[in-house]
Amino acid sequence: MIKVGTVRAGRVGVAAGLMTALVIGAAMTPLALAQNGKPIAVTPPAGAPMSFADLIERVSPAVVSVQVTTEVKVAERNSAFNPFRGLPGFDEYEDRFGEDKEEEDGAPETDQEGNALGSGFFISPQGYIVTNNHVVENAREVTVTLKNGDQLEAEIVGTDEQTDLAVLKVKKTGSYPFVDFATRAKPRVGDWVVAVGNPFGLGGTATAGIVSADGRELLGGNYNDFIQIDAPINRGNSGGPTFNLNGEVIGVNTAIFSDTGGGSVGIGFAIEANAVKTIADTLIKNGKVVRGWLGVEIQSMNQRYADAWSLSNSNGAIVRGVTAGGPAETSGIRRGDVIIAVNGEGVKDNRQLTQRVGSLLAGSTNSFKIIRDGKEQIIRVTVRERNDKALANAELNPARAGMKPPKPGPDDVKVLGGTIRTLTEDEAKKFDVGAAGTGLIVVTVETKGAFSKADIFPGDAILEINNKAVKTPKELEDAVAAAKAAGKKDVIARVGCGNQERCFDLTVLRPIEIAPAE
């Protein structure tokens with residue numbers, strides 16, 4: 001089970017060693033009665049329930065234990081792209097299947113086999129089951145166990161690594177009890193919830209609690225909004241449902257926060273029902289999820305950016321850069337645009353834009369509302385298919401740490417925050433920050449000064465102030481003076497990365513702190 005902070009993933013392994021998997025959230029889907037082809041429905045009590053027994057009795061037949069025989073080939077293990085890599089708790093998974101692992105006798109590593117356990121639930125009378133992708137990842141055989149003890153073979157219909165969801169289908173024909181998703185209204189913080197699943201292989205386990213928070217973000221989960229619950233979930237709950245008092249699934253159990261080595265401390269995370277239903281429907285129809293790709297680098301707005309650019313609010317995602325030849329560039333979206341809506345739906349931040357674009361069909365044409373130079377306009381963009389593995393590989397740039405900063409020279413200009421000068425041809429080439437004469441190279445940085453506070457380092461280049469190019473120290477001074485005259489507390493600088501491993505393309509500077517030094 002993934003731990004967040006120490007978020008542990010929750011697939012329980014036996015046989016060839018403990019196999020830890022990602023447990024990220026709790027799924028909530030109402031069970032349906034098999035005999036009449038309708039989902040199970042429960043009448044919730046008027047107030048706080050004296051017991052959850054009736055609810056659990058009704059929905060439990062739709063919840064299954066998932067047993068998986070896994071096989072991980074060396075090549076796949078060492079080259080796999082996983083959006084959850086780097087999450088606290090992923091280390092146990094790497095210990096079992098990590099790169100460069102050799103047998104104890106020193107022989108080269110070989111393909112490995114193991115068994116794993118998780119949870120799932122029926123979403124149709126035809127036998128379709130939702131679970132987590134990490135539960136069935138590298139599966140060779142999948143068996144599900146029903147509440148009555150029947151064991152049925154299942155096949156994988158489709159998986160989506162980015163949302164950590166998968167759909168199975170039992171091979172035996174029949175009419176199965178199933179649950180429905182709570183898609184009409186999102187659960188509120190404080191609502192009662194019940195999680196049912198297979199923790200530590202103990203099938204048919206039910207726990208109760210409340211919704212603790214919503215809209216949570218987890219590292220590696222850009223396409224999901226997670227519901228936080230305090231109903232205890234543990235390893236083996238992965239892929240299982242969390243229900244509301246109507247017997248509807250509000251989320252799929254996926255991860256927990258734990259500082260006890262993987263045991264529950266009452267902070268669990270479930271993938272929100274609307275997202276689960278959308279992905280499940282797509283997998284059943286197409287067997288895979290093909291996401292739209294816009295071809296932009298983005299970052300979230302905040303109030304300081306909005307004030308600096310005289311915008312009415314801080315909603316939206318700033319375009320930091322566009323991919324050459326990509327859909328955005330082809331359609332006319334530029335660096336510095338602020339995307340505030342997609343197909344009429346507002347965009348709050350960069351994460352929401354990623355979700356909006358990811359839900360678009362590749363090849364479809366969509367309207368993007370942007371703000372450019374303070375004015376709103378609509379741009380039509382035909383998005384293309386997203387290739388996450390190719391994008392991930394393309395974004396791997398060699399670290400530039402350890403390069404010596406620029407040497408002080410006679411053309412340096414002192415400002416509050418450090419010293420700067422016009423970018424020379426040699427510096428542009430050495431620090432890879434632009435072309436000669438297109439910006440200002442930062443030579444020195446004062447401790448606790450404006451540059452330091454903005455994470456600007458020697459060797460970085462200041463290229464623009466408030467979307468206006470600054471090629472000389474005088475142009476920087478004029479831009480700062482104009483901002484101060486307009487009563488601005490901040491200016492937005494576009495910065496070219498120099499000898500640092502990471503830096504911000506757009507960052508906030510205080511005009512009063514970068515004025516010419518007296």
# chains A, B, ... in the order shown; residues from 1 in each chain; ligands from 1

call {"tool": "select_by_dssp", "arguments": {"residues": "segment 395-512 of chain A", "states": "strand (DSSP E)", "output": "ChimeraX atom specification"}}
result
/A:413-415,418-422,440-445,461-465,468-469,491-496,506-509

call {"tool": "residues_around", "arguments": {"residues": "Asp150 of chain A", "least_positions_apart": "4", "cutoff": "12 Å", "atoms": "only C-alpha atoms", "output": "ChimeraX atom specification"}}
result
/A:61,64-65,143-146,170,172

call {"tool": "write_last_selection", "arguments": {"atoms": "C-alpha atoms", "output": "short mmCIF file (atom, residue, chain, number, x, y, z; two decimals), in the first residue's frame"}}
result
data_model
loop_
_atom_site.label_atom_id
_atom_site.label_comp_id
_atom_site.auth_asym_id
_atom_site.auth_seq_id
_atom_site.Cartn_x
_atom_site.Cartn_y
_atom_site.Cartn_z
CA PRO A 61 -22.53 -9.27 -2.64
CA VAL A 64 -15.14 -9.21 -4.61
CA SER A 65 -11.65 -10.24 -3.60
CA THR A 143 -9.39 -14.90 -10.10
CA VAL A 144 -12.17 -13.20 -8.16
CA THR A 145 -13.86 -14.58 -5.07
CA LEU A 146 -17.50 -13.71 -4.44
CA VAL A 170 -15.63 -12.64 -15.17
CA LYS A 172 -18.59 -17.22 -16.51
#

call {"tool": "select_by_dssp", "arguments": {"residues": "segment 119-188 of chain A", "states": "alpha helix (DSSP H)", "output": "list in words"}}
result
Asn133, His134, Val135 and Val136 of chain A

call {"tool": "write_last_selection", "arguments": {"atoms": "N, CA and C atoms", "output": "tab-separated table (two decimals), in the first residue's frame"}}
result
chain	number	residue	atom	x	y	z
A	133	ASN	N	-5.43	-0.46	-11.19
A	133	ASN	CA	-4.45	-0.96	-12.15
A	133	ASN	C	-3.30	-1.67	-11.44
A	134	HIS	N	-2.85	-1.11	-10.30
A	134	HIS	CA	-1.70	-1.72	-9.65
A	134	HIS	C	-2.02	-3.08	-9.04
A	135	VAL	N	-3.30	-3.37	-8.86
A	135	VAL	CA	-3.69	-4.70	-8.35
A	135	VAL	C	-3.45	-5.77	-9.41
A	136	VAL	N	-3.71	-5.44	-10.68
A	136	VAL	CA	-3.63	-6.44	-11.75
A	136	VAL	C	-2.43	-6.22	-12.66

call {"tool": "closest_residue", "arguments": {"among": "A:Arg494, A:Lys453, A:Arg235, A:Arg58", "to": "Glu248 of chain A", "atoms": "only C-alpha atoms"}}
result
A:Arg58

call {"tool": "closest_residue", "arguments": {"among": "A:Leu509, A:Val249, A:Ala206, A:Val194", "to": "Asp180 of chain A", "atoms": "only C-alpha atoms"}}
result
A:Val249

call {"tool": "atom_distance", "arguments": {"atom1": "atom CA of Tyr305 of chain A", "atom2": "atom CA of Leu506 of chain A"}}
result
9.6 Å

call {"tool": "atom_distance", "arguments": {"atom1": "atom CA of Glu161 of chain A", "atom2": "atom CA of Ala62 of chain A"}}
result
24.2 Å

call {"tool": "closest_residue", "arguments": {"among": "A:Leu245, A:Ala308, A:Ile378, A:Val68", "to": "Ile340 of chain A", "atoms": "only C-alpha atoms"}}
result
A:Ile378

call {"tool": "atom_distance", "arguments": {"atom1": "atom CA of Ser312 of chain A", "atom2": "atom CA of Ala454 of chain A"}}
result
23.8 Å

call {"tool": "closest_residue", "arguments": {"among": "A:Thr282, A:Thr507, A:Thr70, A:Asn115", "to": "Ala166 of chain A", "atoms": "only C-alpha atoms"}}
result
A:Thr282

call {"tool": "closest_atom_pairs", "arguments": {"of": "segment 420-515 of chain A", "to": "segment 314-320 of chain A", "cutoff": "12 Å", "atoms": "only C-alpha atoms", "output": "tab-separated table"}}
result
residue	atom	partner	partner_atom	distance
A:Asn467	CA	A:Arg320	CA	11.0
A:Ile492	CA	A:Ile318	CA	11.6
A:Ala493	CA	A:Arg320	CA	11.3
A:Arg494	CA	A:Arg320	CA	8.6
A:Val495	CA	A:Arg320	CA	10.3
A:Gly496	CA	A:Arg320	CA	11.2
A:Phe504	CA	A:Arg320	CA	9.5
A:Asp505	CA	A:Arg320	CA	6.6
A:Leu506	CA	A:Arg320	CA	7.1
A:Thr507	CA	A:Arg320	CA	10.7

call {"tool": "residues_around", "arguments": {"residues": "Gly174 of chain A", "least_positions_apart": "2", "cutoff": "8 Å", "atoms": "only C-alpha atoms", "output": "list of chain:residue names"}}
result
A:Pro125, A:Gln126, A:Gly127, A:Lys172, A:Tyr176

call {"tool": "closest_residue", "arguments": {"among": "A:Leu311, A:Val443, A:Val167, A:Val211", "to": "Gly287 of chain A", "atoms": "only C-alpha atoms"}}
result
A:Val167

call {"tool": "decode", "arguments": {"residues": "segment 330-370 of chain A", "atoms": "C-alpha atoms", "output": "short mmCIF file (atom, residue, chain, number, x, y, z; two decimals), in the first residue's frame"}}
result
data_model
loop_
_atom_site.label_atom_id
_atom_site.label_comp_id
_atom_site.auth_asym_id
_atom_site.auth_seq_id
_atom_site.Cartn_x
_atom_site.Cartn_y
_atom_site.Cartn_z
CA THR A 330 -0.42 25.28 -34.57
CA SER A 331 -3.67 26.81 -33.31
CA GLY A 332 -2.11 30.08 -32.14
CA ILE A 333 -1.72 29.67 -28.38
CA ARG A 334 1.39 31.54 -27.22
CA ARG A 335 3.70 31.63 -24.26
CA GLY A 336 2.26 33.99 -21.64
CA ASP A 337 -1.39 33.23 -22.45
CA VAL A 338 -3.59 32.36 -19.49
CA ILE A 339 -6.06 29.53 -20.23
CA ILE A 340 -9.22 30.11 -18.18
CA ALA A 341 -11.77 27.72 -19.75
CA VAL A 342 -12.07 24.65 -21.99
CA ASN A 343 -15.31 24.14 -23.91
CA GLY A 344 -17.05 26.59 -21.60
CA GLU A 345 -15.89 24.93 -18.38
CA GLY A 346 -13.77 27.12 -16.16
CA VAL A 347 -10.17 26.21 -15.37
CA LYS A 348 -9.08 26.84 -11.79
CA ASP A 349 -5.40 25.87 -12.00
CA ASN A 350 -2.83 23.87 -13.97
CA ARG A 351 -3.97 20.55 -12.50
CA GLN A 352 -7.56 21.16 -13.57
CA LEU A 353 -6.39 22.10 -17.07
CA THR A 354 -4.45 18.82 -17.24
CA GLN A 355 -7.62 16.95 -16.27
CA ARG A 356 -9.75 18.87 -18.77
CA VAL A 357 -7.35 18.26 -21.66
CA GLY A 358 -6.83 14.63 -20.60
CA SER A 359 -10.57 14.02 -20.90
CA LEU A 360 -10.72 15.29 -24.50
CA LEU A 361 -10.77 12.80 -27.35
CA ALA A 362 -7.66 12.80 -29.51
CA GLY A 363 -8.52 14.40 -32.85
CA SER A 364 -11.39 16.47 -31.47
CA THR A 365 -11.56 20.26 -31.92
CA ASN A 366 -12.23 22.24 -28.76
CA SER A 367 -12.55 25.86 -27.66
CA PHE A 368 -9.97 27.29 -25.28
CA LYS A 369 -10.71 30.64 -23.67
CA ILE A 370 -7.53 32.56 -22.98
#
